[in-house]
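The structure file work-v1.cif is reproduced below (mmCIF, N, CA and C atoms and all ligand atoms).
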```cif
data_data
#
loop_
_atom_site.label_atom_id
_atom_site.label_comp_id
_atom_site.auth_asym_id
_atom_site.auth_seq_id
_atom_site.Cartn_x
_atom_site.Cartn_y
_atom_site.Cartn_z
N MET A 1 10.62 56.18 21.73
CA MET A 1 10.28 56.29 20.30
C MET A 1 11.16 55.36 19.47
N ARG A 2 12.45 55.49 19.72
CA ARG A 2 13.37 54.63 18.98
C ARG A 2 13.12 53.16 19.33
N PHE A 3 12.87 52.98 20.63
CA PHE A 3 12.60 51.61 21.09
C PHE A 3 11.34 51.05 20.42
N ALA A 4 10.29 51.92 20.41
CA ALA A 4 9.02 51.50 19.83
C ALA A 4 9.19 51.16 18.35
N LEU A 5 9.98 51.96 17.67
CA LEU A 5 10.18 51.74 16.23
C LEU A 5 10.91 50.42 15.98
N SER A 6 12.00 50.21 16.74
CA SER A 6 12.73 48.97 16.49
C SER A 6 11.92 47.75 16.91
N PHE A 7 11.10 47.96 17.92
CA PHE A 7 10.24 46.84 18.35
C PHE A 7 9.25 46.49 17.24
N ALA A 8 8.64 47.54 16.68
CA ALA A 8 7.65 47.32 15.62
C ALA A 8 8.32 46.66 14.41
N LEU A 9 9.54 47.10 14.10
CA LEU A 9 10.26 46.53 12.96
C LEU A 9 10.56 45.05 13.21
N ALA A 10 11.05 44.77 14.43
CA ALA A 10 11.41 43.39 14.76
C ALA A 10 10.17 42.50 14.70
N ALA A 11 9.07 42.99 15.27
CA ALA A 11 7.85 42.19 15.31
C ALA A 11 7.32 41.99 13.88
N GLY A 12 7.36 43.07 13.11
CA GLY A 12 6.86 43.02 11.73
C GLY A 12 7.65 42.06 10.87
N LEU A 13 8.94 41.97 11.14
CA LEU A 13 9.78 41.06 10.34
C LEU A 13 9.70 39.64 10.85
N ALA A 14 9.60 39.53 12.18
CA ALA A 14 9.64 38.19 12.78
C ALA A 14 8.41 37.38 12.42
N ILE A 15 7.25 38.01 12.37
CA ILE A 15 6.03 37.23 12.11
C ILE A 15 6.03 36.57 10.73
N PRO A 16 6.26 37.35 9.64
CA PRO A 16 6.29 36.65 8.35
C PRO A 16 7.41 35.61 8.23
N LEU A 17 8.57 35.89 8.86
CA LEU A 17 9.66 34.91 8.81
C LEU A 17 9.25 33.63 9.50
N PHE A 18 8.62 33.78 10.67
CA PHE A 18 8.19 32.60 11.41
C PHE A 18 7.13 31.84 10.62
N ALA A 19 6.21 32.58 10.02
CA ALA A 19 5.13 31.95 9.27
C ALA A 19 5.69 31.11 8.12
N ALA A 20 6.70 31.63 7.43
CA ALA A 20 7.29 30.89 6.30
C ALA A 20 7.98 29.63 6.80
N ASP A 21 8.69 29.75 7.91
CA ASP A 21 9.37 28.60 8.50
C ASP A 21 8.37 27.55 8.95
N ALA A 22 7.30 28.04 9.59
CA ALA A 22 6.27 27.13 10.12
C ALA A 22 5.63 26.36 8.97
N ALA A 23 5.35 27.06 7.88
CA ALA A 23 4.71 26.41 6.73
C ALA A 23 5.60 25.30 6.16
N LYS A 24 6.89 25.58 6.09
CA LYS A 24 7.85 24.60 5.58
C LYS A 24 7.90 23.38 6.49
N GLU A 25 7.94 23.66 7.77
CA GLU A 25 7.99 22.59 8.78
C GLU A 25 6.74 21.71 8.69
N VAL A 26 5.59 22.35 8.58
CA VAL A 26 4.32 21.62 8.50
C VAL A 26 4.30 20.76 7.23
N GLU A 27 4.77 21.32 6.13
CA GLU A 27 4.80 20.60 4.87
C GLU A 27 5.63 19.32 5.00
N LYS A 28 6.77 19.43 5.68
CA LYS A 28 7.66 18.28 5.88
C LYS A 28 6.95 17.21 6.72
N MET A 29 6.28 17.66 7.77
CA MET A 29 5.58 16.71 8.65
C MET A 29 4.43 16.03 7.92
N MET A 30 3.76 16.78 7.04
CA MET A 30 2.63 16.20 6.30
C MET A 30 3.13 15.12 5.35
N SER A 31 4.34 15.29 4.80
CA SER A 31 4.83 14.26 3.88
C SER A 31 5.13 12.98 4.67
N GLU A 32 5.47 13.11 5.96
CA GLU A 32 5.70 11.92 6.79
C GLU A 32 4.38 11.26 7.22
N ILE A 33 3.32 12.06 7.22
CA ILE A 33 1.99 11.55 7.60
C ILE A 33 1.34 10.85 6.40
N LYS A 34 1.62 11.42 5.23
CA LYS A 34 0.97 10.99 3.99
C LYS A 34 1.18 9.50 3.67
N THR A 35 2.42 9.02 3.76
CA THR A 35 2.72 7.64 3.36
C THR A 35 2.01 6.59 4.23
N PRO A 36 2.19 6.63 5.56
CA PRO A 36 1.45 5.64 6.35
C PRO A 36 -0.06 5.79 6.21
N ASN A 37 -0.54 7.04 6.07
CA ASN A 37 -1.99 7.25 5.99
C ASN A 37 -2.59 6.60 4.73
N LYS A 38 -1.82 6.65 3.66
CA LYS A 38 -2.28 6.08 2.39
C LYS A 38 -2.46 4.56 2.54
N ALA A 39 -1.48 3.92 3.18
CA ALA A 39 -1.54 2.47 3.39
C ALA A 39 -2.69 2.12 4.34
N LEU A 40 -2.86 2.93 5.38
CA LEU A 40 -3.93 2.69 6.36
C LEU A 40 -5.30 2.82 5.71
N LYS A 41 -5.44 3.81 4.85
CA LYS A 41 -6.73 4.08 4.20
C LYS A 41 -7.18 2.87 3.39
N LYS A 42 -6.23 2.28 2.67
CA LYS A 42 -6.53 1.11 1.84
C LYS A 42 -7.03 -0.05 2.72
N LEU A 43 -6.32 -0.29 3.82
CA LEU A 43 -6.70 -1.38 4.72
C LEU A 43 -8.02 -1.07 5.43
N ALA A 44 -8.20 0.19 5.82
CA ALA A 44 -9.42 0.59 6.53
C ALA A 44 -10.64 0.42 5.63
N GLN A 45 -10.48 0.76 4.36
CA GLN A 45 -11.61 0.61 3.43
C GLN A 45 -12.01 -0.85 3.26
N ALA A 46 -11.03 -1.75 3.40
CA ALA A 46 -11.31 -3.19 3.32
C ALA A 46 -11.64 -3.77 4.70
N LYS A 47 -11.75 -2.88 5.70
CA LYS A 47 -12.03 -3.26 7.10
C LYS A 47 -10.97 -4.23 7.66
N LYS A 48 -9.74 -4.11 7.15
CA LYS A 48 -8.67 -4.99 7.60
C LYS A 48 -7.89 -4.35 8.76
N PHE A 49 -8.63 -4.01 9.81
CA PHE A 49 -8.01 -3.33 10.95
C PHE A 49 -7.10 -4.25 11.77
N THR A 50 -7.36 -5.56 11.68
CA THR A 50 -6.56 -6.50 12.47
C THR A 50 -5.37 -7.05 11.68
N ASP A 51 -5.24 -6.63 10.44
CA ASP A 51 -4.08 -7.01 9.63
C ASP A 51 -2.83 -6.44 10.32
N PRO A 52 -1.77 -7.24 10.49
CA PRO A 52 -0.56 -6.73 11.15
C PRO A 52 0.01 -5.47 10.48
N ALA A 53 -0.17 -5.38 9.16
CA ALA A 53 0.31 -4.19 8.43
C ALA A 53 -0.39 -2.92 8.92
N PHE A 54 -1.64 -3.06 9.35
CA PHE A 54 -2.38 -1.89 9.84
C PHE A 54 -1.68 -1.33 11.09
N SER A 55 -1.31 -2.22 12.00
CA SER A 55 -0.63 -1.77 13.23
C SER A 55 0.74 -1.17 12.94
N THR A 56 1.45 -1.76 11.97
CA THR A 56 2.77 -1.24 11.61
C THR A 56 2.65 0.19 11.09
N ASP A 57 1.70 0.41 10.18
CA ASP A 57 1.54 1.75 9.61
C ASP A 57 0.95 2.72 10.61
N LEU A 58 0.11 2.21 11.50
CA LEU A 58 -0.47 3.08 12.52
C LEU A 58 0.62 3.59 13.48
N ALA A 59 1.60 2.72 13.76
CA ALA A 59 2.72 3.14 14.61
C ALA A 59 3.53 4.24 13.92
N LYS A 60 3.66 4.14 12.61
CA LYS A 60 4.38 5.18 11.84
C LYS A 60 3.61 6.49 11.88
N LEU A 61 2.29 6.37 11.72
CA LEU A 61 1.45 7.58 11.75
C LEU A 61 1.49 8.22 13.14
N GLU A 62 1.52 7.37 14.15
CA GLU A 62 1.57 7.87 15.53
C GLU A 62 2.85 8.68 15.76
N LYS A 63 3.95 8.15 15.24
CA LYS A 63 5.23 8.83 15.40
C LYS A 63 5.20 10.20 14.70
N ALA A 64 4.66 10.22 13.49
CA ALA A 64 4.54 11.47 12.74
C ALA A 64 3.58 12.42 13.48
N GLY A 65 2.53 11.85 14.07
CA GLY A 65 1.56 12.64 14.83
C GLY A 65 2.18 13.25 16.09
N ASP A 66 3.09 12.50 16.71
CA ASP A 66 3.78 13.03 17.89
C ASP A 66 4.63 14.24 17.53
N LYS A 67 5.23 14.18 16.35
CA LYS A 67 6.05 15.31 15.89
C LYS A 67 5.17 16.53 15.68
N LEU A 68 4.02 16.30 15.05
CA LEU A 68 3.09 17.40 14.78
C LEU A 68 2.62 18.01 16.09
N LYS A 69 2.39 17.15 17.07
CA LYS A 69 1.91 17.61 18.37
C LYS A 69 2.99 18.42 19.11
N ALA A 70 4.24 18.02 18.92
CA ALA A 70 5.36 18.70 19.60
C ALA A 70 5.65 20.06 18.95
N PHE A 71 5.26 20.19 17.70
CA PHE A 71 5.49 21.43 16.97
C PHE A 71 4.56 22.52 17.50
N LYS A 72 5.13 23.67 17.79
CA LYS A 72 4.29 24.76 18.32
C LYS A 72 4.00 25.79 17.24
N HIS A 73 2.79 25.72 16.74
CA HIS A 73 2.32 26.67 15.74
C HIS A 73 1.94 27.95 16.46
N PRO A 74 2.08 29.14 15.82
CA PRO A 74 1.69 30.38 16.51
C PRO A 74 0.21 30.44 16.89
N GLU A 75 -0.63 29.66 16.22
CA GLU A 75 -2.06 29.70 16.56
C GLU A 75 -2.48 28.51 17.43
N ALA A 76 -3.13 28.84 18.54
CA ALA A 76 -3.56 27.82 19.50
C ALA A 76 -4.50 26.79 18.86
N GLU A 77 -5.33 27.26 17.94
CA GLU A 77 -6.32 26.36 17.32
C GLU A 77 -5.63 25.24 16.54
N PHE A 78 -4.54 25.59 15.88
CA PHE A 78 -3.77 24.60 15.13
C PHE A 78 -3.23 23.54 16.09
N ASN A 79 -2.65 24.01 17.19
CA ASN A 79 -2.07 23.09 18.18
C ASN A 79 -3.12 22.18 18.78
N LYS A 80 -4.32 22.73 18.97
CA LYS A 80 -5.42 21.93 19.52
C LYS A 80 -5.78 20.82 18.53
N MET A 81 -5.79 21.15 17.26
CA MET A 81 -6.15 20.15 16.25
C MET A 81 -5.07 19.08 16.08
N SER A 82 -3.82 19.45 16.37
CA SER A 82 -2.74 18.43 16.37
C SER A 82 -2.97 17.43 17.50
N VAL A 83 -3.39 17.96 18.65
CA VAL A 83 -3.68 17.10 19.80
C VAL A 83 -4.87 16.19 19.46
N ASP A 84 -5.90 16.77 18.80
CA ASP A 84 -7.08 15.97 18.42
C ASP A 84 -6.67 14.79 17.53
N MET A 85 -5.73 15.03 16.63
CA MET A 85 -5.29 13.95 15.74
C MET A 85 -4.62 12.84 16.55
N SER A 86 -3.75 13.22 17.48
CA SER A 86 -3.08 12.22 18.32
C SER A 86 -4.08 11.45 19.18
N THR A 87 -5.09 12.16 19.69
CA THR A 87 -6.12 11.51 20.51
C THR A 87 -6.86 10.46 19.67
N ALA A 88 -7.16 10.82 18.41
CA ALA A 88 -7.86 9.89 17.52
C ALA A 88 -6.98 8.66 17.22
N ILE A 89 -5.69 8.87 17.09
CA ILE A 89 -4.77 7.75 16.83
C ILE A 89 -4.74 6.81 18.04
N THR A 90 -4.71 7.38 19.23
CA THR A 90 -4.71 6.57 20.46
C THR A 90 -5.99 5.72 20.55
N ALA A 91 -7.13 6.33 20.22
CA ALA A 91 -8.41 5.60 20.26
C ALA A 91 -8.42 4.48 19.22
N LEU A 92 -7.86 4.76 18.06
CA LEU A 92 -7.80 3.75 17.00
C LEU A 92 -6.91 2.58 17.42
N LYS A 93 -5.78 2.90 18.04
CA LYS A 93 -4.87 1.86 18.52
C LYS A 93 -5.57 0.96 19.54
N ALA A 94 -6.33 1.57 20.44
CA ALA A 94 -7.04 0.82 21.48
C ALA A 94 -8.07 -0.13 20.85
N ALA A 95 -8.79 0.37 19.85
CA ALA A 95 -9.81 -0.46 19.18
C ALA A 95 -9.16 -1.63 18.45
N VAL A 96 -8.02 -1.37 17.81
CA VAL A 96 -7.29 -2.42 17.09
C VAL A 96 -6.78 -3.48 18.09
N ALA A 97 -6.28 -3.01 19.22
CA ALA A 97 -5.77 -3.93 20.25
C ALA A 97 -6.87 -4.87 20.75
N LYS A 98 -8.10 -4.34 20.78
CA LYS A 98 -9.25 -5.15 21.23
C LYS A 98 -9.81 -5.99 20.08
N LYS A 99 -9.28 -5.80 18.89
CA LYS A 99 -9.78 -6.43 17.66
C LYS A 99 -11.26 -6.12 17.44
N ASP A 100 -11.65 -4.93 17.83
CA ASP A 100 -13.04 -4.49 17.67
C ASP A 100 -13.15 -3.71 16.35
N VAL A 101 -13.61 -4.41 15.33
CA VAL A 101 -13.64 -3.83 13.98
C VAL A 101 -14.60 -2.64 13.89
N ASN A 102 -15.77 -2.74 14.54
CA ASN A 102 -16.72 -1.62 14.49
C ASN A 102 -16.16 -0.37 15.15
N GLU A 103 -15.55 -0.60 16.31
CA GLU A 103 -14.97 0.54 17.02
C GLU A 103 -13.78 1.12 16.24
N ALA A 104 -12.99 0.25 15.62
CA ALA A 104 -11.86 0.70 14.82
C ALA A 104 -12.35 1.52 13.63
N ASP A 105 -13.45 1.07 13.03
CA ASP A 105 -14.01 1.77 11.89
C ASP A 105 -14.45 3.18 12.28
N LYS A 106 -15.07 3.27 13.46
CA LYS A 106 -15.50 4.58 13.96
C LYS A 106 -14.30 5.48 14.26
N ALA A 107 -13.29 4.88 14.91
CA ALA A 107 -12.09 5.64 15.27
C ALA A 107 -11.33 6.10 14.02
N TRP A 108 -11.33 5.25 12.99
CA TRP A 108 -10.68 5.62 11.73
C TRP A 108 -11.35 6.86 11.12
N LYS A 109 -12.70 6.87 11.18
CA LYS A 109 -13.44 8.02 10.64
C LYS A 109 -13.14 9.29 11.44
N GLU A 110 -13.04 9.13 12.76
CA GLU A 110 -12.71 10.29 13.61
C GLU A 110 -11.32 10.82 13.25
N LEU A 111 -10.41 9.89 13.02
CA LEU A 111 -9.05 10.29 12.65
C LEU A 111 -9.07 11.06 11.33
N SER A 112 -9.79 10.54 10.35
CA SER A 112 -9.87 11.23 9.06
C SER A 112 -10.52 12.61 9.21
N ASN A 113 -11.51 12.70 10.10
CA ASN A 113 -12.14 14.00 10.35
C ASN A 113 -11.15 14.98 10.97
N SER A 114 -10.24 14.44 11.80
CA SER A 114 -9.26 15.33 12.44
C SER A 114 -8.31 15.91 11.39
N CYS A 115 -7.98 15.13 10.37
CA CYS A 115 -7.14 15.65 9.27
C CYS A 115 -7.92 16.76 8.55
N ALA A 116 -9.18 16.43 8.21
CA ALA A 116 -10.00 17.35 7.42
C ALA A 116 -10.26 18.67 8.13
N SER A 117 -10.49 18.60 9.47
CA SER A 117 -10.78 19.84 10.21
C SER A 117 -9.62 20.82 10.10
N CYS A 118 -8.41 20.29 10.26
CA CYS A 118 -7.25 21.19 10.21
C CYS A 118 -7.02 21.68 8.77
N HIS A 119 -7.21 20.79 7.80
CA HIS A 119 -7.01 21.22 6.41
C HIS A 119 -8.01 22.29 6.00
N ASP A 120 -9.26 22.15 6.48
CA ASP A 120 -10.29 23.16 6.15
C ASP A 120 -9.82 24.55 6.56
N LYS A 121 -9.18 24.59 7.72
CA LYS A 121 -8.80 25.90 8.27
C LYS A 121 -7.40 26.35 7.80
N TYR A 122 -6.46 25.43 7.68
CA TYR A 122 -5.06 25.85 7.49
C TYR A 122 -4.41 25.46 6.17
N LYS A 123 -5.06 24.62 5.38
CA LYS A 123 -4.42 24.21 4.13
C LYS A 123 -5.02 25.05 3.02
N LYS A 124 -4.14 25.78 2.33
CA LYS A 124 -4.65 26.64 1.25
C LYS A 124 -4.53 25.89 -0.07
N ASP A 125 -5.62 25.62 -0.68
CA ASP A 125 -5.79 25.16 -2.07
C ASP A 125 -7.02 24.30 -2.27
C1 LIG A 201 -3.10 20.53 12.91
C2 LIG A 201 -3.26 20.64 11.48
C3 LIG A 201 -3.20 19.46 10.57
C4 LIG A 201 -3.57 18.16 10.84
C5 LIG A 201 -4.17 17.57 12.10
C6 LIG A 201 -3.32 17.42 9.62
N1 LIG A 201 -2.81 18.24 8.66
FE1 LIG A 201 -2.24 17.68 6.79
N2 LIG A 201 -1.78 19.62 6.33
C7 LIG A 201 -1.87 20.68 7.21
C8 LIG A 201 -1.44 21.89 6.51
C9 LIG A 201 -1.37 23.28 7.13
C10 LIG A 201 -1.11 21.50 5.22
C11 LIG A 201 -0.58 22.41 4.09
C12 LIG A 201 0.92 22.44 4.23
C13 LIG A 201 1.61 22.77 2.98
O1 LIG A 201 1.89 21.81 2.21
O2 LIG A 201 1.88 23.93 2.78
C14 LIG A 201 -1.33 20.06 5.14
C15 LIG A 201 -1.07 19.31 4.00
C16 LIG A 201 -1.29 17.96 3.89
C17 LIG A 201 -1.05 17.17 2.70
C18 LIG A 201 -0.55 17.73 1.37
C19 LIG A 201 0.94 17.91 1.44
C20 LIG A 201 1.65 16.84 0.71
O3 LIG A 201 2.73 16.44 1.16
O4 LIG A 201 1.15 16.41 -0.35
C21 LIG A 201 -1.38 15.89 2.97
C22 LIG A 201 -1.33 14.69 2.05
C23 LIG A 201 -1.82 15.86 4.37
N3 LIG A 201 -1.75 17.14 4.88
C24 LIG A 201 -2.26 14.73 5.01
C25 LIG A 201 -2.76 14.71 6.31
C26 LIG A 201 -3.38 13.56 6.93
C27 LIG A 201 -3.58 12.22 6.26
C28 LIG A 201 -3.74 13.94 8.19
C29 LIG A 201 -4.41 13.14 9.26
C30 LIG A 201 -3.96 11.81 9.54
C31 LIG A 201 -3.35 15.33 8.35
N4 LIG A 201 -2.77 15.76 7.18
C32 LIG A 201 -3.57 16.07 9.49
C33 LIG A 201 -2.29 20.64 8.51
C34 LIG A 201 -2.73 19.51 9.19
#
```
Can you give me the file's structure in the form of structure tokens?
Amino acid sequence: MRFALSFALAAGLAIPLFAADAAKEVEKMMSEIKTPNKALKKLAQAKKFTDPAFSTDLAKLEKAGDKLKAFKHPEAEFNKMSVDMSTAITALKAAVAKKDVNEADKAWKELSNSCASCHDKYKKD
């Protein structure tokens, strides 16, 4: 009984504490994603996928994406969507390396969809 009570208390306290920490951590990672993504978006809209600046910013986004992927959110669906974002970045990098503008354009859209899917589910506002 005493064990059950302290267990329930610990679990009840740990979940909201973890959730608050996780939200803060995610917010920090999003600010690291935001800057390179903004620069990439501008170049992508002009179809300048082969511009050297595109690769520079994509490398920054990849690094931020790796952090997001390494972060373990309590919900499996969130973690799956982090992996999806990294997969989309890898595909985009491959298209850029081939200088295939059509494929890069498609991969860019997939990447943007990966942001939107997670925001639809986990971003409140
Ligand atoms: C696996 C989930 C997930 C993925 C993938 C994801 N985000 Fe987010 N993002 C979030 C969550 C959750 C928030 C809300 C966090 C908060 O600020 O409390 C957020 C917030 C943001 C914000 C607002 C916060 C700020 O600093 O202004 C921006 C901008 C953002 N994301 C950009 C992106 C971009 C661009 C991508 C894709 C390249 C992306 N995100 C991919 C989960 C994700």
Leaving out region 53-62 of chain A and any residue of its chain fewer than 6 positions from it, which residues lie within 9 Å of it when counting only C-alpha atoms, given as a PyMOL selection string?
chain A and resi 32-37+39-40+43-44+86+89-90+92-93+96-97
Protein and nucleic acid residues within 6 Å of ligand LIG 201 (chain A) (only N, CA and C atoms and all ligand atoms) as JSON, numbers by chain:
{"A": [23, 26, 27, 30, 31, 33, 34, 37, 78, 79, 81, 82, 85, 111, 112, 114, 115, 116, 118, 119, 122, 123, 124]}
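Of note, atom N of Val101 (chain A) and CA of Lys48 (chain A) are spaced 9.2 Å apart.
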Please indicate the distance in Å from CA of Gln45 (chain A) to CA of Lys63 (chain A), rounded to one decimal place.
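Straight-line distance from CA of Gln45 (chain A) to CA of Lys63 (chain A) works out to 22.2 Å.
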For CA of Asp120 (chain A) and CA of Val83 (chain A), the interatomic separation in Å (one decimal):
16.3 Å
Which is closest to Lys67 (chain A) among A:Glu103, A:Asp84, A:Met29, A:Lys47, if we use only N, CA and C atoms?
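Smallest distance to Lys67 (chain A) is found for A:Met29.
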Hey, what does DSSP flag as helix (DSSP H, G or I) within region 50-108 of chain A? Can you give it to me as an NGL selection string?
:A and (52-70 or 76-97 or 101-108)
Write a file of the just-selected residues containing N, CA and C atoms, as a short mmCIF file (atom, residue, chain, number, x, y, z; two decimals), in the coordinates of the input.
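Wrote out36.cif, looks like this:
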```cif
data_model
loop_
_atom_site.label_atom_id
_atom_site.label_comp_id
_atom_site.auth_asym_id
_atom_site.auth_seq_id
_atom_site.Cartn_x
_atom_site.Cartn_y
_atom_site.Cartn_z
N PRO A 52 -1.77 -7.24 10.49
CA PRO A 52 -0.56 -6.73 11.15
C PRO A 52 0.01 -5.47 10.48
N ALA A 53 -0.17 -5.38 9.16
CA ALA A 53 0.31 -4.19 8.43
C ALA A 53 -0.39 -2.92 8.92
N PHE A 54 -1.64 -3.06 9.35
CA PHE A 54 -2.38 -1.89 9.84
C PHE A 54 -1.68 -1.33 11.09
N SER A 55 -1.31 -2.22 12.00
CA SER A 55 -0.63 -1.77 13.23
C SER A 55 0.74 -1.17 12.94
N THR A 56 1.45 -1.76 11.97
CA THR A 56 2.77 -1.24 11.61
C THR A 56 2.65 0.19 11.09
N ASP A 57 1.70 0.41 10.18
CA ASP A 57 1.54 1.75 9.61
C ASP A 57 0.95 2.72 10.61
N LEU A 58 0.11 2.21 11.50
CA LEU A 58 -0.47 3.08 12.52
C LEU A 58 0.62 3.59 13.48
N ALA A 59 1.60 2.72 13.76
CA ALA A 59 2.72 3.14 14.61
C ALA A 59 3.53 4.24 13.92
N LYS A 60 3.66 4.14 12.61
CA LYS A 60 4.38 5.18 11.84
C LYS A 60 3.61 6.49 11.88
N LEU A 61 2.29 6.37 11.72
CA LEU A 61 1.45 7.58 11.75
C LEU A 61 1.49 8.22 13.14
N GLU A 62 1.52 7.37 14.15
CA GLU A 62 1.57 7.87 15.53
C GLU A 62 2.85 8.68 15.76
N LYS A 63 3.95 8.15 15.24
CA LYS A 63 5.23 8.83 15.40
C LYS A 63 5.20 10.20 14.70
N ALA A 64 4.66 10.22 13.49
CA ALA A 64 4.54 11.47 12.74
C ALA A 64 3.58 12.42 13.48
N GLY A 65 2.53 11.85 14.07
CA GLY A 65 1.56 12.64 14.83
C GLY A 65 2.18 13.25 16.09
N ASP A 66 3.09 12.50 16.71
CA ASP A 66 3.78 13.03 17.89
C ASP A 66 4.63 14.24 17.53
N LYS A 67 5.23 14.18 16.35
CA LYS A 67 6.05 15.31 15.89
C LYS A 67 5.17 16.53 15.68
N LEU A 68 4.02 16.30 15.05
CA LEU A 68 3.09 17.40 14.78
C LEU A 68 2.62 18.01 16.09
N LYS A 69 2.39 17.15 17.07
CA LYS A 69 1.91 17.61 18.37
C LYS A 69 2.99 18.42 19.11
N ALA A 70 4.24 18.02 18.92
CA ALA A 70 5.36 18.70 19.60
C ALA A 70 5.65 20.06 18.95
N ALA A 76 -3.13 28.84 18.54
CA ALA A 76 -3.56 27.82 19.50
C ALA A 76 -4.50 26.79 18.86
N GLU A 77 -5.33 27.26 17.94
CA GLU A 77 -6.32 26.36 17.32
C GLU A 77 -5.63 25.24 16.54
N PHE A 78 -4.54 25.59 15.88
CA PHE A 78 -3.77 24.60 15.13
C PHE A 78 -3.23 23.54 16.09
N ASN A 79 -2.65 24.01 17.19
CA ASN A 79 -2.07 23.09 18.18
C ASN A 79 -3.12 22.18 18.78
N LYS A 80 -4.32 22.73 18.97
CA LYS A 80 -5.42 21.93 19.52
C LYS A 80 -5.78 20.82 18.53
N MET A 81 -5.79 21.15 17.26
CA MET A 81 -6.15 20.15 16.25
C MET A 81 -5.07 19.08 16.08
N SER A 82 -3.82 19.45 16.37
CA SER A 82 -2.74 18.43 16.37
C SER A 82 -2.97 17.43 17.50
N VAL A 83 -3.39 17.96 18.65
CA VAL A 83 -3.68 17.10 19.80
C VAL A 83 -4.87 16.19 19.46
N ASP A 84 -5.90 16.77 18.80
CA ASP A 84 -7.08 15.97 18.42
C ASP A 84 -6.67 14.79 17.53
N MET A 85 -5.73 15.03 16.63
CA MET A 85 -5.29 13.95 15.74
C MET A 85 -4.62 12.84 16.55
N SER A 86 -3.75 13.22 17.48
CA SER A 86 -3.08 12.22 18.32
C SER A 86 -4.08 11.45 19.18
N THR A 87 -5.09 12.16 19.69
CA THR A 87 -6.12 11.51 20.51
C THR A 87 -6.86 10.46 19.67
N ALA A 88 -7.16 10.82 18.41
CA ALA A 88 -7.86 9.89 17.52
C ALA A 88 -6.98 8.66 17.22
N ILE A 89 -5.69 8.87 17.09
CA ILE A 89 -4.77 7.75 16.83
C ILE A 89 -4.74 6.81 18.04
N THR A 90 -4.71 7.38 19.23
CA THR A 90 -4.71 6.57 20.46
C THR A 90 -5.99 5.72 20.55
N ALA A 91 -7.13 6.33 20.22
CA ALA A 91 -8.41 5.60 20.26
C ALA A 91 -8.42 4.48 19.22
N LEU A 92 -7.86 4.76 18.06
CA LEU A 92 -7.80 3.75 17.00
C LEU A 92 -6.91 2.58 17.42
N LYS A 93 -5.78 2.90 18.04
CA LYS A 93 -4.87 1.86 18.52
C LYS A 93 -5.57 0.96 19.54
N ALA A 94 -6.33 1.57 20.44
CA ALA A 94 -7.04 0.82 21.48
C ALA A 94 -8.07 -0.13 20.85
N ALA A 95 -8.79 0.37 19.85
CA ALA A 95 -9.81 -0.46 19.18
C ALA A 95 -9.16 -1.63 18.45
N VAL A 96 -8.02 -1.37 17.81
CA VAL A 96 -7.29 -2.42 17.09
C VAL A 96 -6.78 -3.48 18.09
N ALA A 97 -6.28 -3.01 19.22
CA ALA A 97 -5.77 -3.93 20.25
C ALA A 97 -6.87 -4.87 20.75
N VAL A 101 -13.61 -4.41 15.33
CA VAL A 101 -13.64 -3.83 13.98
C VAL A 101 -14.60 -2.64 13.89
N ASN A 102 -15.77 -2.74 14.54
CA ASN A 102 -16.72 -1.62 14.49
C ASN A 102 -16.16 -0.37 15.15
N GLU A 103 -15.55 -0.60 16.31
CA GLU A 103 -14.97 0.54 17.02
C GLU A 103 -13.78 1.12 16.24
N ALA A 104 -12.99 0.25 15.62
CA ALA A 104 -11.86 0.70 14.82
C ALA A 104 -12.35 1.52 13.63
N ASP A 105 -13.45 1.07 13.03
CA ASP A 105 -14.01 1.77 11.89
C ASP A 105 -14.45 3.18 12.28
N LYS A 106 -15.07 3.27 13.46
CA LYS A 106 -15.50 4.58 13.96
C LYS A 106 -14.30 5.48 14.26
N ALA A 107 -13.29 4.88 14.91
CA ALA A 107 -12.09 5.64 15.27
C ALA A 107 -11.33 6.10 14.02
N TRP A 108 -11.33 5.25 12.99
CA TRP A 108 -10.68 5.62 11.73
C TRP A 108 -11.35 6.86 11.12
#
```
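Applying the 6 Å criterion to (-10.8, -6.5, 14.2) in file coordinates and using only C-alpha atoms, one obtains the residues Phe49, Thr50, Lys99, Asp100 and Val101 of chain A.
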